Every structure is written in structure tokens, then in C-alpha cells.
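Structure record follows, encoded as C-alpha cells.
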Amino acid sequence: MSIDVVMDITKQALFTIIQVSLPVLLVSLCVGLAVSIFQTVTSIQEQTLTFVPKIICVFLSLVLFGNWMMTTMVEFMTSLWMNFSLYIDQ
């Protein structure tokens with residue numbers, strides 16, 4: 001297996017990781033920002049207030065995007081296994 005093939009597989013894997021994790025991270029970021037703005041406006045300085053809404057929203061985003069995330073990962077792994085014979089040096 002050449003270094004170009006390894007680099008291509010690594011690039012595809014990193015892109016898939018970013019693509020799959022992005023929806024959940026964006027939901028967590030937006031909820032955290034909204035709760036922080038709420039805390040600033042109301043002068044509530046409770047440290048644990050951000051955890052419950054984030055956990056609930058991340059769970060809901062996993063339920064919502066879980067099928068798409070799994071399909072994307074399965075497609076990536078299927079393409080790796082289908083091209084496995086191309087990666088082996090002869």
C-alpha cells in the first residue's frame with residue numbers, strides 16, 4: 001500500500017468523522033450559547049444549569065440524526081471493505 005493511498009483513506013476518514021459529529025456539536029454549541037445568554041441576562045450564575053439542557057438536546061439530536069450518522073459511517077466502511085483488494089500489495 002502506497003503512502004498516497006494511506007493519505008487518501010486518512011483524509012476520507014477524518015472528513016467522515018467531522019461530517020458525522022458536526023450536527024451534535026452544533027446543537028450543543030447553540031444550546032450552550034443560548035443558556036449562557038440567558039444566564040447573563042438574568043444574572044443567574046449557576047454552573048450546573050447548562051448541563052441538563054445540553055444533555056437533553058444532544059440526546060434528541062442523536063435520536064434525530066442517528067440514522068443518518070450510522071448510514072454515513074456504514075457507507076464509509078463498506079467502501080473501505082469493497083476496495084480492500086486494491087489496498088493490498090501484490
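Convention: chains lettered A, B, ... in C-alpha cells order; per-chain residue numbering from 1; ligands numbered from 1 as shown.
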Could you pull the residues within 12 Å of Phe65 of chain A, counting only C-alpha atoms, minus those fewer than 6 positions along the same chain, as a count of residues only? 13
message = Could you list, as a PyMOL selection string, every residue within 12 Å of Phe76 of chain A, counting only C-alpha atoms and ignoring same-chain residues fewer than 2 positions away?
response = chain A and resi 9-17+19-20+69-74+78-83
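In this model, the gap between atom CA of Leu26 of chain A and atom CA of Leu49 of chain A comes to 18.7 Å.
Comparing the minimum interatomic distances between Lys54 of chain A and each of A:Ser28, A:Ser36, A:Thr42, A:Asn67, counting only C-alpha atoms, we find that A:Ser28 sits nearest.
By chain and then residue number, the residues within 12 Å of Ile88 of chain A are Met1, Ser2, Val5, Val6 and Trp81 of chain A, counting only C-alpha atoms and disregarding those fewer than 6 positions away in sequence.
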